[in-house]
Amino acid sequence: MSKEQPVILITGTSTGFGREAVHQYAAAGYTVIATMRNLAKADPSFKDNPNIDLAKLDITDKENATALVAKVVAKYGHLDVLYNNAGYNESGAFEEVADDAARREMETNFWGPVNMIRAVLPIMRQQHHGHILNTSSMAAYLNLPLMTFYSASKAAVTSMSDTLHKEVSGLGIQVTDIEPGGFNTNFGVNSKLPAHQLPDYAPVYQRSAEFNARVFIEAGLGDLKKAVALIVRETLNPDAPLHLVVGMQGYDDARAYLEQLIGEYDGQVELTKTTDPEPDEVNVFKYIYQHAAAGKQAQLKELLVQDIMKFQTNGKIADADLLAVMQLVAPDAQQDVQQRLVTTIHGAN
Ligand SMILES: NC(=O)c1ccc[n+]([C@@H]2O[C@H](COP(=O)([O-])OP(=O)(O)OC[C@H]3O[C@@H](n4cnc5c(N)ncnc54)[C@H](OP(=O)(O)O)[C@@H]3O)[C@@H](O)[C@H]2O)c1
């Protein structure tokens with residue numbers, strides 16, 4: 001972490017999680033860049049706090065995002081945390097949500113964080129340090145009816161967080177996917193309803209209302225201040241989880257979904273194995289590896305990895321590279337294997 005006061009940029013701070021986060025990070029000693037698309041909505045107390053810097057930002061506007069991040073870095077010299085918080089819900093059954101509404105949902109909930117991450121990654125790579133907090137939702141696992149596009153947008157965020165983590169953790173950059181259950185914010189009033197409802201989906205609305213009653217009313221909504229305190233606690237914590245579960249609302253249902261998924265995978269192993277190659281047409285790389293000259297396996301593996309990397313970066317592997325691999329293969333298998341390898345790779349080129 002930077003020796004100076006850490007700098008955090010938070011999106012969507014006019015209400016809810018974002019507004020509460022501004023207060024708590026500022027109190028925790030961060031310099032907070034509190035962003036929102038309409039500055040008139042800012043909590044009046046933000047202006048009097050020396051730890052808070054207000055900035056206008058619509059996350060769907062890539063130029064706005066890039067320019068703001070550049071400005072922050074020019075002013076403070078570093079940016080330690082990006083908290084992708086802004087988001088909303090386009091509700092309605094799949095058929096009821098018009099294309100433009102579904103696209104707007106993805107533009108905000110998925111492409112908004114993409115815009116922000118693209119803006120901060122070069123800085124964080126250069127710093128060799130940073131923490132990206134992406135707000136997903138338990139809906140990414142609950143896959144809630146009447147929230148198809150919201151759930152899909154959050155599942156996309158979670159998937160992006162998982163992959164990004166694998167790419168950047170070696171560069172000193174942490175990623176945490178925040179997965180809240182249910183909290184009392186402006187989320188409900190900011191949810192968009194479909195222009196037309198189809199009567200055929202009345203039973204789905206009924207089931208959805210029952211689910212919401214069970215999860216959010218019976219179990220009670222979570223405590224927003226405590227939820228944000230948990231997020232603040234995990235920020236810049238080197239041991240922060242990749243998936244930060246925030247709140248118990250929907251937890252059992254999300255867990256049941258994950259177990260069901262494992263069950264479906266396990267239940268299909270025998271069937272899916274039928275797509276494996278026949279033993280005599282096994283993967284040529286595996287074949288070479290298994291037939292490598294005694295004691296040369298590690299070297300051969302290294303060469304194969306290098307070849308695959310070359311294939312990934314320019315789509316080609318030169319014959320000379322293949323021959324280098326061949327030189328390590330047992331002479332009796334050489335001709336046969338060489339032919340198969342060249343055919344396989346050139347076939348894929
Ligand atoms: N509350 C929950 O139970 C819950 C559960 C799971 C996940 N979440 C997620 O938590 C995050 C925060 O939501 P919340 O519950 O705090 O709801 P909220 O009170 O409605 O806050 C959402 C914030 O996002 C902002 N926003 C929306 N579109 C934007 C855009 N294009 N550019 C910039 N800001 C934009 C809103 O700004 P405006 O005031 O300008 O509209 C608002 O500040 C969201 O990503 C939400 O999906 C919430």
# chains A, B, ... in the order shown; residues from 1 in each chain; ligands from 1
$ residues_around --residues "A:Ser14" --least-positions-apart "2" --cutoff "8 Å" --atoms "only C-alpha atoms" --output "ChimeraX atom specification"
/A:12,16,18-19,35-36,38-39,41-43
$ write_last_selection --atoms "C-alpha atoms" --output "PDB file, in the first residue's frame"
ATOM      1  CA  GLY A  12     -22.615   5.898  -7.930  1.00  0.00           C
ATOM      2  CA  GLY A  16     -27.285   3.614  -1.032  1.00  0.00           C
ATOM      3  CA  GLY A  18     -22.084   4.341  -2.584  1.00  0.00           C
ATOM      4  CA  ARG A  19     -23.059   7.207  -0.291  1.00  0.00           C
ATOM      5  CA  THR A  35     -18.449  10.247  -8.167  1.00  0.00           C
ATOM      6  CA  MET A  36     -22.036  10.524  -9.368  1.00  0.00           C
ATOM      7  CA  ASN A  38     -25.764  14.297 -11.040  1.00  0.00           C
ATOM      8  CA  LEU A  39     -23.750  16.340  -8.524  1.00  0.00           C
ATOM      9  CA  LYS A  41     -27.718  14.721  -5.542  1.00  0.00           C
ATOM     10  CA  ALA A  42     -24.557  14.798  -3.409  1.00  0.00           C
ATOM     11  CA  ASP A  43     -24.913  14.497   0.336  1.00  0.00           C
TER      12      ASP A  43
END
$ closest_atom_pairs --of "chain A" --to "ligand 1" --cutoff "6 Å" --atoms "only C-alpha atoms and all ligand atoms" --output "tab-separated table"
residue	atom	partner	partner_atom_place_in_ligand_line	distance
A:Thr11	CA	ligand 1	34 (N)	5.9
A:Gly12	CA	ligand 1	43 (O)	3.6
A:Thr13	CA	ligand 1	43 (O)	4.6
A:Ser14	CA	ligand 1	43 (O)	4.0
A:Thr15	CA	ligand 1	19 (O)	4.4
A:Gly16	CA	ligand 1	16 (O)	3.3
A:Phe17	CA	ligand 1	16 (O)	3.9
A:Gly18	CA	ligand 1	16 (O)	5.8
A:Met36	CA	ligand 1	34 (N)	5.2
A:Arg37	CA	ligand 1	33 (C)	4.9
A:Asn38	CA	ligand 1	40 (O)	5.6
A:Leu57	CA	ligand 1	33 (C)	5.8
A:Asp58	CA	ligand 1	32 (N)	3.5
A:Ile59	CA	ligand 1	32 (N)	4.2
A:Thr60	CA	ligand 1	31 (N)	5.1
A:Asn85	CA	ligand 1	11 (C)	4.8
A:Ala86	CA	ligand 1	24 (O)	3.4
A:Gly87	CA	ligand 1	45 (O)	3.5
A:Tyr88	CA	ligand 1	47 (O)	5.0
A:Thr108	CA	ligand 1	31 (N)	5.2
A:Thr135	CA	ligand 1	45 (O)	5.3
A:Ser136	CA	ligand 1	7 (C)	5.8
A:Ser137	CA	ligand 1	6 (C)	4.1
A:Pro180	CA	ligand 1	6 (C)	4.2
A:Gly181	CA	ligand 1	5 (C)	4.9
A:Gly182	CA	ligand 1	3 (O)	3.4
A:Phe183	CA	ligand 1	3 (O)	3.8
A:Asn184	CA	ligand 1	1 (N)	5.7
A:Thr185	CA	ligand 1	19 (O)	4.4
A:Asn186	CA	ligand 1	19 (O)	3.5
A:Phe187	CA	ligand 1	20 (O)	3.6
A:Asn190	CA	ligand 1	20 (O)	5.2
$ select_by_dssp --residues "stretch 12-156 of chain A" --states "strand (DSSP E or B)" --output "PyMOL selection string"
chain A and resi 31-36+52-56+81-84+90+92+130-135+147
$ write_last_selection --atoms "C-alpha atoms" --output "PDB file, in the first residue's frame"
ATOM      1  CA  THR A  31      -8.990  10.241   0.162  1.00  0.00           C
ATOM      2  CA  VAL A  32     -12.341   9.531  -1.471  1.00  0.00           C
ATOM      3  CA  ILE A  33     -13.184  10.515  -5.022  1.00  0.00           C
ATOM      4  CA  ALA A  34     -16.972  10.431  -4.689  1.00  0.00           C
ATOM      5  CA  THR A  35     -18.449  10.247  -8.167  1.00  0.00           C
ATOM      6  CA  MET A  36     -22.036  10.524  -9.368  1.00  0.00           C
ATOM      7  CA  ILE A  52     -13.803  13.875  -0.013  1.00  0.00           C
ATOM      8  CA  ASP A  53     -13.378  15.077  -3.569  1.00  0.00           C
ATOM      9  CA  LEU A  54     -16.623  15.238  -5.563  1.00  0.00           C
ATOM     10  CA  ALA A  55     -16.589  14.478  -9.285  1.00  0.00           C
ATOM     11  CA  LYS A  56     -19.195  14.070 -11.993  1.00  0.00           C
ATOM     12  CA  VAL A  81      -8.726   1.457  -5.010  1.00  0.00           C
ATOM     13  CA  LEU A  82     -11.461   1.450  -7.634  1.00  0.00           C
ATOM     14  CA  TYR A  83     -14.875   0.642  -6.160  1.00  0.00           C
ATOM     15  CA  ASN A  84     -17.300  -0.154  -8.978  1.00  0.00           C
ATOM     16  CA  GLU A  90     -34.292  -3.530 -15.272  1.00  0.00           C
ATOM     17  CA  GLY A  92     -39.636  -7.783 -15.917  1.00  0.00           C
ATOM     18  CA  GLY A 130      -4.178  -1.597  -6.407  1.00  0.00           C
ATOM     19  CA  HIS A 131      -7.488  -3.127  -5.444  1.00  0.00           C
ATOM     20  CA  ILE A 132     -10.480  -3.357  -7.776  1.00  0.00           C
ATOM     21  CA  LEU A 133     -13.835  -3.882  -6.052  1.00  0.00           C
ATOM     22  CA  ASN A 134     -16.608  -4.905  -8.438  1.00  0.00           C
ATOM     23  CA  THR A 135     -20.195  -4.911  -7.249  1.00  0.00           C
ATOM     24  CA  MET A 147     -34.540 -10.035 -13.078  1.00  0.00           C
TER      25      MET A 147
END
$ atom_distance --atom1 "atom CA of A:Met309" --atom2 "atom CA of A:His165"
20.1 Å
$ closest_residue --among "A:Val97, A:Ala28, A:Val73, A:Ala65" --to "A:Gln197" --atoms "only C-alpha atoms"
A:Val97
$ residues_around --residues "A:Pro145" --least-positions-apart "4" --cutoff "9 Å" --atoms "only C-alpha atoms" --output "number ranges by chain"
A: 92-94, 151, 204-205, 207-208
$ write_last_selection --atoms "N, CA, C and O atoms" --output "mmCIF file, in the first residue's frame"
data_model
loop_
_atom_site.group_PDB
_atom_site.id
_atom_site.type_symbol
_atom_site.label_atom_id
_atom_site.label_comp_id
_atom_site.auth_asym_id
_atom_site.auth_seq_id
_atom_site.Cartn_x
_atom_site.Cartn_y
_atom_site.Cartn_z
ATOM 1 N N GLY A 92 -38.652 -7.291 -14.949
ATOM 2 C CA GLY A 92 -39.636 -7.783 -15.917
ATOM 3 C C GLY A 92 -39.215 -9.136 -16.452
ATOM 4 O O GLY A 92 -38.038 -9.497 -16.397
ATOM 5 N N ALA A 93 -40.214 -9.880 -16.959
ATOM 6 C CA ALA A 93 -39.902 -11.171 -17.567
ATOM 7 C C ALA A 93 -39.088 -10.945 -18.848
ATOM 8 O O ALA A 93 -39.184 -9.869 -19.457
ATOM 9 N N PHE A 94 -38.327 -11.933 -19.218
ATOM 10 C CA PHE A 94 -37.461 -11.834 -20.403
ATOM 11 C C PHE A 94 -38.193 -11.177 -21.582
ATOM 12 O O PHE A 94 -37.705 -10.219 -22.186
ATOM 13 N N SER A 151 -29.657 -10.190 -13.445
ATOM 14 C CA SER A 151 -28.884 -11.361 -13.021
ATOM 15 C C SER A 151 -27.760 -11.646 -14.022
ATOM 16 O O SER A 151 -26.622 -11.928 -13.630
ATOM 17 N N VAL A 204 -45.584 -16.166 -12.505
ATOM 18 C CA VAL A 204 -44.162 -15.914 -12.197
ATOM 19 C C VAL A 204 -44.056 -14.718 -11.253
ATOM 20 O O VAL A 204 -43.257 -14.724 -10.305
ATOM 21 N N TYR A 205 -44.889 -13.705 -11.504
ATOM 22 C CA TYR A 205 -44.901 -12.536 -10.601
ATOM 23 C C TYR A 205 -45.304 -12.967 -9.194
ATOM 24 O O TYR A 205 -44.749 -12.521 -8.201
ATOM 25 N N ARG A 207 -44.888 -15.985 -7.835
ATOM 26 C CA ARG A 207 -43.788 -16.739 -7.206
ATOM 27 C C ARG A 207 -42.674 -15.790 -6.775
ATOM 28 O O ARG A 207 -42.047 -15.950 -5.729
ATOM 29 N N SER A 208 -42.430 -14.776 -7.622
ATOM 30 C CA SER A 208 -41.377 -13.816 -7.311
ATOM 31 C C SER A 208 -41.715 -13.039 -6.036
ATOM 32 O O SER A 208 -40.865 -12.815 -5.167
#
$ atom_distance --atom1 "atom CA of A:Arg255" --atom2 "atom CA of A:Ser191"
25.3 Å
$ closest_atom_pairs --of "stretch 154-194 of chain A" --to "stretch 110-120 of chain A" --cutoff "10 Å" --atoms "only C-alpha atoms" --output "CSV"
residue,atom,partner,partner_atom,distance
A:Lys154,CA,A:Phe110,CA,7.3
A:Ala155,CA,A:Phe110,CA,9.3
A:Ala156,CA,A:Phe110,CA,6.7
A:Val157,CA,A:Phe110,CA,5.9
A:Thr158,CA,A:Phe110,CA,9.7
A:Met160,CA,A:Val114,CA,9.0
A:Leu164,CA,A:Ile117,CA,9.8
$ write_last_selection --atoms "N, CA, C and O atoms" --output "mmCIF file, in the first residue's frame"
data_model
loop_
_atom_site.group_PDB
_atom_site.id
_atom_site.type_symbol
_atom_site.label_atom_id
_atom_site.label_comp_id
_atom_site.auth_asym_id
_atom_site.auth_seq_id
_atom_site.Cartn_x
_atom_site.Cartn_y
_atom_site.Cartn_z
ATOM 1 N N LYS A 154 -24.932 -9.161 -13.660
ATOM 2 C CA LYS A 154 -24.118 -9.388 -12.463
ATOM 3 C C LYS A 154 -23.289 -10.671 -12.606
ATOM 4 O O LYS A 154 -22.145 -10.732 -12.138
ATOM 5 N N ALA A 155 -23.863 -11.691 -13.259
ATOM 6 C CA ALA A 155 -23.085 -12.910 -13.521
ATOM 7 C C ALA A 155 -21.887 -12.562 -14.407
ATOM 8 O O ALA A 155 -20.781 -13.097 -14.216
ATOM 9 N N ALA A 156 -22.095 -11.645 -15.350
ATOM 10 C CA ALA A 156 -20.989 -11.222 -16.226
ATOM 11 C C ALA A 156 -19.919 -10.508 -15.407
ATOM 12 O O ALA A 156 -18.712 -10.707 -15.632
ATOM 13 N N VAL A 157 -20.352 -9.695 -14.445
ATOM 14 C CA VAL A 157 -19.382 -8.990 -13.584
ATOM 15 C C VAL A 157 -18.580 -10.005 -12.767
ATOM 16 O O VAL A 157 -17.344 -9.922 -12.675
ATOM 17 N N THR A 158 -19.278 -10.979 -12.187
ATOM 18 C CA THR A 158 -18.590 -11.989 -11.371
ATOM 19 C C THR A 158 -17.587 -12.776 -12.215
ATOM 20 O O THR A 158 -16.445 -13.005 -11.801
ATOM 21 N N MET A 160 -16.145 -11.778 -14.926
ATOM 22 C CA MET A 160 -15.027 -10.881 -15.266
ATOM 23 C C MET A 160 -14.077 -10.747 -14.067
ATOM 24 O O MET A 160 -12.852 -10.771 -14.236
ATOM 25 N N LEU A 164 -10.243 -11.675 -14.366
ATOM 26 C CA LEU A 164 -9.313 -10.556 -14.180
ATOM 27 C C LEU A 164 -8.340 -10.864 -13.037
ATOM 28 O O LEU A 164 -7.135 -10.612 -13.141
#
$ closest_residue --among "A:Ala26, A:Ala213, A:Leu221, A:Leu79" --to "A:Glu4" --atoms "only C-alpha atoms"
A:Leu79
$ select_by_dssp --residues "stretch 111-154 of chain A" --states "alpha helix (DSSP H)" --output "VMD selection string"
chain A and resid 112 to 127 139 to 142 148 to 154
$ residues_around --residues "A:Leu244" --least-positions-apart "4" --cutoff "8 Å" --atoms "only C-alpha atoms" --output "ChimeraX atom specification"
/A:176-179,231,240
$ write_last_selection --atoms "N, CA, C and O atoms" --output "CSV table (one decimal), in the first residue's frame"
chain,number,residue,atom,x,y,z
A,176,THR,N,-11.7,-8.0,-6.0
A,176,THR,CA,-12.8,-8.6,-5.1
A,176,THR,C,-14.1,-8.3,-5.7
A,176,THR,O,-14.5,-7.2,-6.1
A,177,ASP,N,-14.9,-9.4,-5.8
A,177,ASP,CA,-16.3,-9.3,-6.3
A,177,ASP,C,-17.2,-9.2,-5.1
A,177,ASP,O,-17.3,-10.2,-4.3
A,178,ILE,N,-17.9,-8.1,-5.0
A,178,ILE,CA,-18.8,-7.9,-3.8
A,178,ILE,C,-20.1,-8.5,-4.2
A,178,ILE,O,-20.7,-8.1,-5.2
A,179,GLU,N,-20.6,-9.4,-3.4
A,179,GLU,CA,-21.9,-10.1,-3.7
A,179,GLU,C,-22.9,-9.9,-2.6
A,179,GLU,O,-23.1,-10.7,-1.7
A,231,ILE,N,-17.0,-4.3,3.8
A,231,ILE,CA,-16.3,-4.0,2.5
A,231,ILE,C,-15.1,-3.1,2.8
A,231,ILE,O,-14.0,-3.4,2.3
A,240,ALA,N,-7.9,-10.4,1.4
A,240,ALA,CA,-9.4,-10.2,1.1
A,240,ALA,C,-9.8,-11.3,0.1
A,240,ALA,O,-9.1,-11.8,-0.8
$ atom_distance --atom1 "atom CA of A:Glu95" --atom2 "atom CA of A:Lys192"
14.7 Å
